[in-house]
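Dumped upload.cif below, it's mmCIF, C-alpha atoms:
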```
data_coords
#
loop_
_atom_site.label_atom_id
_atom_site.label_comp_id
_atom_site.auth_asym_id
_atom_site.auth_seq_id
_atom_site.Cartn_x
_atom_site.Cartn_y
_atom_site.Cartn_z
CA MET V 114 172.40 -9.17 66.38
CA PHE V 115 170.40 -12.12 67.67
CA PHE V 116 168.30 -10.54 70.34
CA VAL V 117 165.24 -12.54 70.92
CA THR V 118 161.83 -12.09 72.47
CA PRO V 119 159.35 -14.91 72.89
CA ALA V 120 157.13 -13.39 70.22
CA TYR V 121 159.70 -14.05 67.52
CA ALA V 122 160.65 -17.52 68.59
CA GLU V 123 157.99 -18.96 66.32
CA GLU V 124 159.83 -17.65 63.30
CA SER V 125 162.96 -19.68 63.70
CA SER V 126 162.13 -22.74 61.66
CA ALA V 127 160.81 -23.74 58.26
CA HIS V 128 163.11 -21.54 56.17
CA SER V 129 165.29 -22.85 53.43
CA GLU V 130 167.61 -21.13 51.01
CA GLY V 131 166.08 -17.94 49.52
CA GLY V 132 166.34 -16.40 46.11
CA ASP V 133 167.64 -13.00 45.07
CA ALA V 134 164.54 -11.12 46.13
CA ALA V 135 164.64 -12.55 49.61
CA SER V 136 168.27 -11.82 50.28
CA GLN V 137 167.85 -8.35 48.79
CA THR V 138 165.01 -7.53 51.17
CA HIS V 139 166.80 -9.00 54.12
CA THR V 140 169.87 -6.95 53.49
CA GLU V 141 167.76 -3.82 53.18
CA THR V 142 165.93 -4.38 56.43
CA GLY V 143 169.17 -5.11 58.19
CA VAL V 144 168.07 -8.50 59.38
CA PRO V 145 170.30 -11.43 58.59
CA HIS V 146 168.58 -14.54 57.43
CA GLU V 147 169.51 -18.03 58.26
CA ALA V 148 168.51 -20.87 56.07
CA GLY V 149 166.32 -18.63 53.86
CA HIS V 150 162.84 -19.13 52.44
CA GLU V 151 161.30 -21.81 50.39
CA GLY V 152 160.82 -20.44 46.89
CA GLY V 153 162.10 -16.98 47.84
CA PHE V 154 160.13 -13.85 48.64
CA PRO V 155 156.82 -15.33 49.87
CA PRO V 156 154.42 -13.06 47.95
CA PHE V 157 156.19 -14.04 44.72
CA ASN V 158 156.27 -17.72 45.52
CA SER V 159 154.44 -19.24 42.59
CA GLU V 160 154.06 -22.58 44.29
CA TYR V 161 150.86 -21.42 45.98
CA TYR V 162 149.46 -19.31 43.13
CA GLY V 163 147.06 -22.06 42.12
CA SER V 164 145.85 -22.61 45.66
CA GLN V 165 145.39 -18.90 46.28
CA ILE V 166 143.48 -18.35 43.03
CA LEU V 167 141.26 -21.36 43.71
CA TRP V 168 140.43 -20.37 47.26
CA LEU V 169 139.99 -16.73 46.32
CA ALA V 170 137.57 -17.76 43.57
CA LEU V 171 135.65 -19.99 45.98
CA THR V 172 135.49 -17.57 48.89
CA PHE V 173 134.92 -14.46 46.81
CA GLY V 174 132.31 -16.28 44.73
CA VAL V 175 130.40 -17.27 47.85
CA PHE V 176 130.80 -13.76 49.22
CA TYR V 177 129.48 -12.26 45.98
CA LEU V 178 126.47 -14.56 46.11
CA ILE V 179 125.74 -13.62 49.72
CA ILE V 180 126.08 -9.92 48.93
CA SER V 181 124.05 -9.96 45.73
CA ARG V 182 121.32 -12.35 46.93
CA VAL V 183 120.90 -11.45 50.58
CA VAL V 184 122.76 -8.43 51.87
CA ALA V 185 122.40 -5.86 49.09
CA PRO V 186 118.66 -6.44 48.51
CA ARG V 187 118.06 -6.40 52.24
CA ILE V 188 119.91 -3.15 52.95
CA GLY V 189 118.41 -1.69 49.79
CA SER V 190 114.91 -2.51 50.97
CA ILE V 191 115.63 -1.15 54.45
CA LEU V 192 116.78 2.15 52.97
CA GLU V 193 113.86 2.22 50.55
CA ASP V 194 111.37 1.53 53.33
CA ARG V 195 112.84 4.34 55.33
CA GLN V 196 112.71 6.67 52.34
CA ASP V 197 109.05 5.74 51.75
CA ARG V 198 108.22 6.16 55.39
CA ILE V 199 109.81 9.59 55.51
CA ALA V 200 108.04 10.65 52.34
CA ARG V 201 104.74 9.33 53.69
CA ASP V 202 105.21 11.09 57.02
CA LEU V 203 106.06 14.32 55.24
CA ASP V 204 102.92 13.97 53.11
CA GLU V 205 100.88 13.29 56.23
CA ALA V 206 102.39 16.32 57.93
CA SER V 207 101.65 18.60 55.00
CA ARG V 208 98.12 17.21 54.77
CA MET V 209 97.59 17.91 58.46
CA LYS V 210 99.02 21.37 58.05
CA SER V 211 96.64 22.16 55.22
CA GLU V 212 93.80 20.80 57.35
CA ALA V 213 94.82 23.07 60.18
CA ASP V 214 95.03 25.99 57.76
CA ASP V 215 91.54 25.19 56.49
CA ALA V 216 90.24 25.05 60.04
CA ILE V 217 91.81 28.41 60.81
CA ALA V 218 90.34 29.92 57.65
CA ALA V 219 86.89 28.52 58.47
CA TYR V 220 87.12 29.83 62.00
CA GLU V 221 88.10 33.26 60.80
CA LYS V 222 85.31 33.29 58.25
CA GLU V 223 82.79 32.34 60.91
CA LEU V 224 84.17 34.95 63.25
CA ALA V 225 83.83 37.61 60.57
CA ALA V 226 80.27 36.45 59.80
CA ALA V 227 79.35 36.55 63.49
CA LYS V 228 80.83 40.02 63.79
CA ALA V 229 78.85 41.20 60.79
CA ASN V 230 75.72 39.58 62.19
CA ALA V 231 76.17 41.24 65.54
CA GLY V 232 76.63 44.62 63.88
CA GLU V 233 73.49 44.10 61.88
CA ILE V 234 71.50 43.12 64.94
CA ALA V 235 72.77 46.16 66.80
CA ALA V 236 71.91 48.42 63.87
CA GLN V 237 68.47 46.91 63.63
CA ALA V 238 67.87 47.37 67.32
CA ARG V 239 69.11 50.94 67.11
CA GLU V 240 66.83 51.64 64.13
CA LYS V 241 63.86 50.09 65.85
CA ALA V 242 64.42 52.04 69.02
CA GLN V 243 64.86 55.19 66.96
CA ALA V 244 61.64 54.51 65.06
CA GLU V 245 59.73 53.85 68.23
CA ALA V 246 61.06 56.97 69.84
CA ASP V 247 60.22 58.96 66.72
CA ALA V 248 56.72 57.56 66.62
CA GLU V 249 56.16 58.32 70.29
CA ARG V 250 57.46 61.81 69.88
CA ALA V 251 55.33 62.36 66.83
CA ALA V 252 52.27 61.08 68.70
CA SER V 253 52.89 63.23 71.73
CA GLU V 254 53.66 66.22 69.52
CA ALA V 255 50.43 65.67 67.60
CA GLU V 256 48.48 65.46 70.83
CA LEU V 257 50.19 68.53 72.17
CA SER V 258 49.50 70.51 69.04
CA LYS V 259 45.88 69.35 69.15
CA LYS V 260 45.68 70.56 72.74
CA ILE V 261 47.40 73.81 71.79
CA ALA V 262 45.00 74.28 68.90
CA ALA V 263 42.06 73.59 71.17
CA ALA V 264 43.43 75.96 73.76
CA GLU V 265 44.07 78.62 71.14
CA SER V 266 40.61 78.29 69.68
CA ARG V 267 39.17 78.55 73.16
CA ILE V 268 41.30 81.61 73.89
CA ALA V 269 40.14 83.13 70.61
CA GLU V 270 36.54 82.34 71.52
CA ILE V 271 36.91 83.84 74.94
CA THR V 272 38.66 86.90 73.52
CA GLN V 273 35.90 87.25 70.94
CA SER V 274 33.18 87.05 73.50
CA ALA V 275 35.10 89.25 75.89
CA LEU V 276 35.62 91.82 73.22
CA ALA V 277 31.96 91.68 72.30
CA GLU V 278 31.04 92.13 75.95
CA VAL V 279 33.45 95.02 76.22
CA GLY V 280 31.42 96.92 73.62
CA VAL V 281 28.14 96.28 75.46
CA ILE V 282 29.64 97.27 78.78
CA ALA V 283 31.10 100.36 77.24
CA GLU V 284 27.76 101.26 75.72
CA GLU V 285 25.95 100.71 79.01
CA THR V 286 28.57 102.61 80.89
CA ALA V 287 28.49 105.36 78.33
CA ALA V 288 24.69 105.51 78.47
CA SER V 289 24.65 105.76 82.21
CA ILE V 290 27.46 108.33 82.17
CA VAL V 291 25.58 110.38 79.58
CA GLU V 292 22.40 110.15 81.58
CA GLU V 293 24.11 111.26 84.72
CA LEU V 294 25.87 114.11 82.98
CA ILE V 295 23.17 115.52 80.84
CA GLY V 296 20.07 113.91 82.21
CA THR V 297 18.90 112.72 78.91
CA LYS V 298 18.96 109.41 77.49
CA ALA V 299 21.04 109.03 74.40
CA THR V 300 19.83 106.61 71.83
CA LYS V 301 21.35 103.31 71.67
CA ALA V 302 22.49 103.79 68.14
CA GLU V 303 24.21 107.08 68.94
CA ILE V 304 26.02 105.59 71.85
CA ALA V 305 27.08 102.52 69.87
CA SER V 306 28.59 104.61 67.07
CA ALA V 307 30.27 106.85 69.67
CA VAL V 308 31.79 103.84 71.42
CA LYS V 309 32.94 102.50 68.17
CA GLY V 310 34.46 105.79 67.23
CA ALA V 311 36.25 106.02 70.58
CA GLY V 312 37.56 102.58 70.22
CA LYS V 313 39.41 103.57 67.11
CA MET C 110 164.06 -18.36 72.96
CA SER C 111 167.46 -18.59 71.42
CA GLY C 112 167.93 -19.00 67.73
CA GLY C 113 164.91 -16.81 66.86
CA LYS C 114 165.17 -13.50 65.07
CA VAL C 115 163.12 -10.75 63.58
CA ASP C 116 162.10 -11.84 60.12
CA PRO C 117 159.72 -9.29 58.62
CA LEU C 118 158.86 -11.64 55.78
CA HIS C 119 157.78 -14.57 57.89
CA GLN C 120 154.30 -13.14 58.27
CA PHE C 121 153.80 -13.52 54.52
CA GLN C 122 154.84 -17.16 54.50
CA ILE C 123 152.19 -19.52 53.26
CA GLN C 124 151.63 -22.66 55.30
CA GLU C 125 149.65 -25.62 54.16
CA LEU C 126 146.95 -26.47 56.63
CA VAL C 127 145.19 -29.14 54.59
CA PRO C 128 147.51 -30.32 51.80
CA LEU C 129 145.68 -30.97 48.53
CA HIS C 130 148.03 -31.98 45.76
CA PHE C 131 146.81 -33.00 42.33
CA GLY C 132 149.86 -34.08 40.42
CA ASP C 133 151.95 -30.95 40.07
CA LEU C 134 149.02 -28.80 41.09
CA ASN C 135 149.10 -27.61 44.68
CA LEU C 136 145.58 -26.56 45.73
CA SER C 137 146.18 -26.94 49.45
CA PHE C 138 144.02 -25.21 51.99
CA THR C 139 146.59 -22.77 53.41
CA ASN C 140 146.65 -20.06 56.02
CA SER C 141 145.87 -17.67 53.17
CA SER C 142 142.77 -19.73 52.30
CA LEU C 143 141.82 -19.81 55.97
CA PHE C 144 141.91 -16.04 56.20
CA MET C 145 139.95 -15.69 52.98
CA VAL C 146 137.29 -17.87 54.58
CA ILE C 147 137.47 -15.87 57.82
CA THR C 148 137.23 -12.62 55.88
CA VAL C 149 134.17 -13.76 53.97
CA LEU C 150 132.55 -15.24 57.07
CA ALA C 151 133.17 -12.15 59.17
CA ALA C 152 132.01 -9.71 56.51
CA SER C 153 128.91 -11.75 55.65
CA LEU C 154 127.98 -12.37 59.26
CA PHE C 155 128.44 -8.72 60.12
CA LEU C 156 126.32 -7.51 57.23
CA TYR C 157 123.74 -10.23 57.83
CA VAL C 158 123.40 -9.88 61.58
CA ALA C 159 123.62 -6.09 61.57
CA THR C 160 120.65 -5.81 59.22
CA SER C 161 118.62 -8.72 60.56
CA SER C 162 116.28 -6.55 62.62
CA ARG C 163 115.51 -4.32 59.60
CA ALA C 164 114.89 -1.51 62.04
CA LEU C 165 113.36 1.68 60.75
CA ILE C 166 115.61 3.59 63.12
CA PRO C 167 118.95 1.77 62.82
CA GLY C 168 121.10 0.79 65.77
CA ARG C 169 124.88 1.13 65.72
CA LEU C 170 125.55 -2.09 63.82
CA GLN C 171 122.83 -1.57 61.27
CA SER C 172 123.92 2.03 60.87
CA THR C 173 127.45 0.86 60.08
CA ALA C 174 126.20 -1.66 57.54
CA GLU C 175 123.96 0.96 55.92
CA LEU C 176 126.82 3.43 55.95
CA SER C 177 129.09 1.06 54.04
CA TYR C 178 126.26 0.29 51.62
CA GLU C 179 125.57 3.95 50.92
CA PHE C 180 129.27 4.75 50.78
CA VAL C 181 129.83 2.26 47.95
CA SER C 182 126.50 3.09 46.36
CA ASN C 183 127.35 6.82 46.15
CA MET C 184 130.84 5.99 44.96
CA LEU C 185 129.48 3.88 42.12
CA ARG C 186 126.75 6.36 41.17
CA ASP C 187 129.28 9.21 41.07
CA GLY C 188 131.79 7.13 39.15
CA ALA C 189 129.63 5.25 36.66
CA GLY C 190 126.20 6.85 36.84
CA THR C 191 122.88 5.11 37.29
CA ALA C 192 123.64 2.66 34.51
CA GLY C 193 126.58 1.40 36.54
CA MET C 194 124.37 0.53 39.52
CA ARG C 195 123.82 -2.97 38.16
CA PHE C 196 127.39 -3.62 39.29
CA PHE C 197 126.65 -2.53 42.82
CA PRO C 198 126.79 -6.04 44.39
CA PHE C 199 130.09 -6.61 42.60
CA VAL C 200 131.73 -3.38 43.76
CA PHE C 201 130.27 -3.76 47.24
CA SER C 202 131.68 -7.30 47.48
CA ILE C 203 135.09 -6.14 46.31
CA PHE C 204 135.16 -3.22 48.72
CA MET C 205 134.04 -5.24 51.71
CA PHE C 206 136.34 -8.16 50.89
CA VAL C 207 139.43 -5.98 50.49
CA LEU C 208 138.54 -3.83 53.49
CA VAL C 209 137.91 -6.73 55.85
CA ALA C 210 140.96 -8.63 54.59
CA ASN C 211 143.12 -5.53 55.10
CA LEU C 212 141.73 -4.95 58.59
CA PHE C 213 142.20 -8.58 59.59
CA GLY C 214 145.80 -8.19 58.48
CA MET C 215 146.21 -5.60 61.23
CA VAL C 216 145.63 -8.21 63.94
CA PRO C 217 148.95 -9.59 65.18
CA TYR C 218 149.72 -13.12 63.95
CA PHE C 219 146.94 -12.89 61.36
CA PHE C 220 147.72 -13.47 57.72
CA THR C 221 147.12 -10.57 55.34
CA VAL C 222 145.37 -12.01 52.30
CA THR C 223 145.88 -8.86 50.24
CA SER C 224 149.63 -8.82 50.78
CA HIS C 225 150.07 -11.41 48.05
CA ILE C 226 150.30 -10.15 44.51
CA ILE C 227 148.45 -13.13 43.09
CA VAL C 228 145.37 -12.35 45.19
CA THR C 229 145.23 -8.67 44.31
CA PHE C 230 146.08 -9.46 40.69
CA ALA C 231 143.27 -11.99 40.52
CA LEU C 232 140.88 -9.40 41.89
CA ALA C 233 142.15 -6.82 39.40
CA ILE C 234 141.77 -9.27 36.52
CA LEU C 235 138.27 -9.99 37.74
CA VAL C 236 137.49 -6.26 37.59
CA ILE C 237 139.09 -5.67 34.20
CA GLY C 238 137.62 -8.89 32.82
CA THR C 239 134.16 -7.81 33.94
CA VAL C 240 134.69 -4.42 32.33
CA VAL C 241 135.91 -5.85 29.03
CA ILE C 242 133.27 -8.57 28.75
CA TYR C 243 130.40 -6.31 29.75
CA GLY C 244 131.78 -3.50 27.59
CA PHE C 245 131.81 -5.63 24.43
CA TRP C 246 128.52 -7.34 25.31
CA LYS C 247 126.76 -4.03 25.89
CA ASN C 248 128.35 -1.80 23.25
CA GLY C 249 129.73 -4.22 20.69
CA LEU C 250 132.72 -2.86 18.83
CA SER C 251 131.91 0.71 19.87
CA PHE C 252 133.43 -0.28 23.21
CA LEU C 253 136.75 0.34 21.43
CA ASN C 254 135.85 4.04 21.51
CA ILE C 255 137.55 4.15 24.90
CA PHE C 256 140.81 4.11 22.94
CA VAL C 257 139.69 7.01 20.73
CA PRO C 258 139.27 10.15 22.81
CA SER C 259 137.02 12.73 21.18
CA GLY C 260 138.50 16.01 19.97
CA VAL C 261 141.93 14.65 19.13
CA PRO C 262 143.41 15.64 15.71
CA VAL C 263 143.43 12.73 13.26
CA ALA C 264 147.21 12.99 12.86
CA LEU C 265 147.72 12.36 16.57
CA LEU C 266 145.07 9.67 16.82
CA PRO C 267 147.32 6.60 16.34
CA LEU C 268 149.71 7.85 19.00
CA VAL C 269 146.95 8.77 21.46
CA SER C 270 145.18 5.46 20.87
CA LEU C 271 148.42 3.62 21.51
CA ILE C 272 148.88 5.50 24.77
CA GLU C 273 145.28 4.77 25.73
CA LEU C 274 145.81 1.10 24.93
CA VAL C 275 148.94 0.89 27.04
CA SER C 276 147.19 2.72 29.88
CA PHE C 277 144.29 0.30 29.63
CA LEU C 278 146.57 -2.73 29.69
CA SER C 279 148.49 -1.40 32.66
CA ARG C 280 145.31 -1.00 34.69
CA PRO C 281 145.23 -4.50 36.16
CA VAL C 282 148.91 -4.19 37.02
CA SER C 283 148.63 -0.81 38.72
CA LEU C 284 145.40 -1.82 40.45
CA SER C 285 146.87 -4.99 41.91
CA VAL C 286 150.39 -3.74 42.63
CA ARG C 287 149.07 -0.66 44.46
CA LEU C 288 147.06 -2.73 46.93
CA PHE C 289 149.62 -5.50 47.32
CA ALA C 290 152.60 -3.17 47.72
CA ASN C 291 150.83 -0.96 50.24
CA MET C 292 149.86 -3.87 52.43
CA LEU C 293 153.23 -5.59 52.07
CA ALA C 294 155.34 -2.50 52.72
CA GLY C 295 153.21 -1.40 55.63
CA HIS C 296 153.42 -4.74 57.36
CA ILE C 297 157.15 -5.06 56.77
CA THR C 298 157.73 -1.57 58.17
CA LEU C 299 155.61 -2.34 61.20
CA LYS C 300 157.46 -5.57 61.82
CA VAL C 301 160.87 -3.95 61.44
CA PHE C 302 160.10 -1.16 63.90
CA ALA C 303 158.46 -3.57 66.32
CA GLY C 304 161.55 -5.76 65.96
CA PHE C 305 163.78 -2.85 66.98
CA VAL C 306 161.75 -2.54 70.18
CA GLY C 307 162.43 -6.16 71.01
CA MET C 308 166.11 -6.00 70.09
CA LEU C 309 166.82 -2.79 71.99
CA GLY C 310 164.74 -3.94 74.94
CA ALA C 311 166.98 -6.97 75.33
CA MET C 312 170.04 -4.73 75.68
CA GLY C 313 169.35 -3.64 79.24
CA ALA C 314 168.55 -0.23 80.72
CA ILE C 315 169.97 1.95 77.94
CA GLY C 316 168.35 -0.23 75.35
CA ILE C 317 164.98 0.02 77.03
CA GLY C 318 165.32 3.82 76.99
CA GLY C 319 166.27 3.68 73.34
CA ALA C 320 163.41 1.33 72.56
CA VAL C 321 160.90 4.08 73.32
CA LEU C 322 161.47 5.73 69.94
CA PRO C 323 160.75 2.69 67.76
CA LEU C 324 157.86 1.86 70.09
CA LEU C 325 156.32 5.30 69.46
CA MET C 326 157.00 4.79 65.78
CA THR C 327 155.27 1.42 65.88
CA VAL C 328 152.22 2.92 67.55
CA ALA C 329 152.08 5.73 65.00
CA LEU C 330 152.58 3.31 62.12
CA THR C 331 149.81 1.09 63.42
CA GLY C 332 147.46 4.05 63.20
CA LEU C 333 148.73 4.84 59.73
CA GLU C 334 148.29 1.24 58.65
CA PHE C 335 144.65 1.25 59.71
CA LEU C 336 144.23 4.32 57.54
CA VAL C 337 146.03 2.63 54.67
CA ALA C 338 143.91 -0.51 55.12
CA PHE C 339 140.76 1.53 54.64
CA LEU C 340 142.22 3.84 52.02
CA GLN C 341 143.47 1.04 49.79
CA ALA C 342 140.09 -0.69 49.90
CA TYR C 343 138.52 2.65 48.99
CA VAL C 344 140.99 3.29 46.17
CA PHE C 345 140.47 -0.20 44.81
CA ALA C 346 136.70 0.29 44.81
CA VAL C 347 136.86 3.79 43.33
CA LEU C 348 139.07 2.66 40.47
CA THR C 349 136.74 -0.29 39.91
CA CYS C 350 133.88 2.22 39.60
CA MET C 351 135.82 4.32 37.10
CA TYR C 352 136.72 1.30 34.98
CA ILE C 353 133.11 0.17 35.04
CA ASN C 354 132.21 3.64 33.80
CA ASP C 355 134.23 2.89 30.65
CA ALA C 356 132.19 -0.25 30.07
CA VAL C 357 128.92 1.57 30.62
CA HIS C 358 129.72 4.81 28.78
CA PRO C 359 132.55 4.03 26.35
CA GLY C 360 132.15 7.39 24.57
CA GLY C 361 132.41 9.59 27.63
CA HIS C 362 136.14 9.65 27.99
#
```
Represent the structure of the file as structure tokens.
Amino acid sequence: MFFVTPAYAEESSAHSEGGDAASQTHTETGVPHEAGHEGGFPPFNSEYYGSQILWLALTFGVFYLIISRVVAPRIGSILEDRQDRIARDLDEASRMKSEADDAIAAYEKELAAAKANAGEIAAQAREKAQAEADAERAASEAELSKKIAAAESRIAEITQSALAEVGVIAEETAASIVEELIGTKATKAEIASAVKGAGK
Amino acid sequence: MSGGKVDPLHQFQIQELVPLHFGDLNLSFTNSSLFMVITVLAASLFLYVATSSRALIPGRLQSTAELSYEFVSNMLRDGAGTAGMRFFPFVFSIFMFVLVANLFGMVPYFFTVTSHIIVTFALAILVIGTVVIYGFWKNGLSFLNIFVPSGVPVALLPLVSLIELVSFLSRPVSLSVRLFANMLAGHITLKVFAGFVGMLGAMGAIGIGGAVLPLLMTVALTGLEFLVAFLQAYVFAVLTCMYINDAVHPGGH
């Protein structure tokens, strides 16, 4: 049973006769024990209870102080700082987003205003051009109608005078025809009434 | 070489490094004390150095420290609510101490502080003592409501209260024995299987072939023991949180 490796050589000494617990465990684990353990199963060895409690109290007390005074506040503040920073950055981001939205809205409003303005200007220009054209047309039409009226009145005048001359010519012609035919002169009045009657 | 043997209990042996005897009282600085000091130093240094840069974007070390902080912090908030957060440094200290002590125990030739019942029992008494003292200080006699569950018929009340009392009194025992027994049993098992490797290996060719099995077992157990080391620290801390909950909210049973 006593196979040995260097690693276990250290365990050969410092054992004295063990109690019930020790021999029980040794039997269970199939390892024979030599001179046994001081005070039995080491974890139940009450000889060192006082020492362990004292040193646990000292070390754990110091550890608690370090944790509660230095480490916990420090990590807490690190995490809090990060939380604040994230919240601040998120606020900043949302503020910038709303600014961008405002800018877009303003741009669109201006664009719409410019569009409306342009339409108005175009309409005005169209109206003006229309009015000018209308006025010009009206002027030229007025002139034309004046000319037409003048021409018409002149035509009427000429017709009048022509018609009047027609009667005289007819009378003269009739008088000379009558004279040729019958050798007598008809009176002017007779001829005039005859011409008039023929004209009807 | 000769004369040695595999003794799975040797690793739990306490050795006096600086003997301090006061009459019958033995307060010597032992290997157990040494590893308590190492545990506290290592845990403190780690937490201190890892967070010393206070970086907004944490590095690996700081991330680990923050992770452990938030792990315990969530555990306590879930277990005992916001009112229990005043015990955060306490629970965090317990968790880190037990965890680091357990993990140091995994290093070969290192002493496992938590494998001794007196250490885990002292920690458990510290927890229960804190709970009882704070419970009475905060709630006065209404702290005793933890023994009187609501909605229990009056006829059954004495019996239920007795059961609650017994369960309360057994808390320090179960808390300490669970941690101590897990660490002890795990280390003994590891040592026994590792011992088989050595014994079989000394038997020549066939033995070396046969030693493969316990070697594989030892490797697997080492992994398991790391899990247990963490798990037991976690369990210890979680139960601490739940007991603290009783002190903070004695009615909410």
Query raised in the report: What does the PyMOL selection byres ((chain C) within 8 of (chain V)) select in this file, as number ranges by chain?
Result: C: 110-116, 118-119, 121-123, 134-139, 141-142, 145-146, 149, 153, 156-157, 160, 163-165, 174-175, 178, 198-199, 201-202, 206, 224-228, 231, 301, 307-308, 311
Requested in this report: Carefully work through the PyMOL selection byres ((chain C and resi 305) around 10) for this structure and note down the residues it includes, as number ranges by chain.
Outcome: V: 116; C: 115, 300-304, 306-311, 316, 319-324, 327
Query raised in the report: Once the PyMOL selection byres ((chain C and resi 246-259) around 12) has been applied to the shown file, what residues remain in the selection, as a PyMOL selection string?
Result: chain C and resi 192-193+238-245+260-263+265-278+352-362
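What separates CA of Thr148 (chain C) from CA of Ala342 (chain C) is a distance of 13.6 Å.
Interatomic distance, CA of Glu179 (chain C) against CA of Leu336 (chain C): 19.8 Å.
One distance worth recording is that between CA of Ser172 (chain C) and CA of Ala159 (chain C), which is 8.2 Å.
For the set C:Phe204, C:Phe131, C:Phe144, C:Tyr343, the residue with the smallest atom-to-atom gap to Val216 (chain C) is C:Phe144, counting all atoms listed in the file.
Proximity to Val158 (chain C) was assessed for C:Leu176, C:Val282, C:Leu170, C:Leu212 counting all atoms listed in the file; the smallest distance is recorded for C:Leu170.
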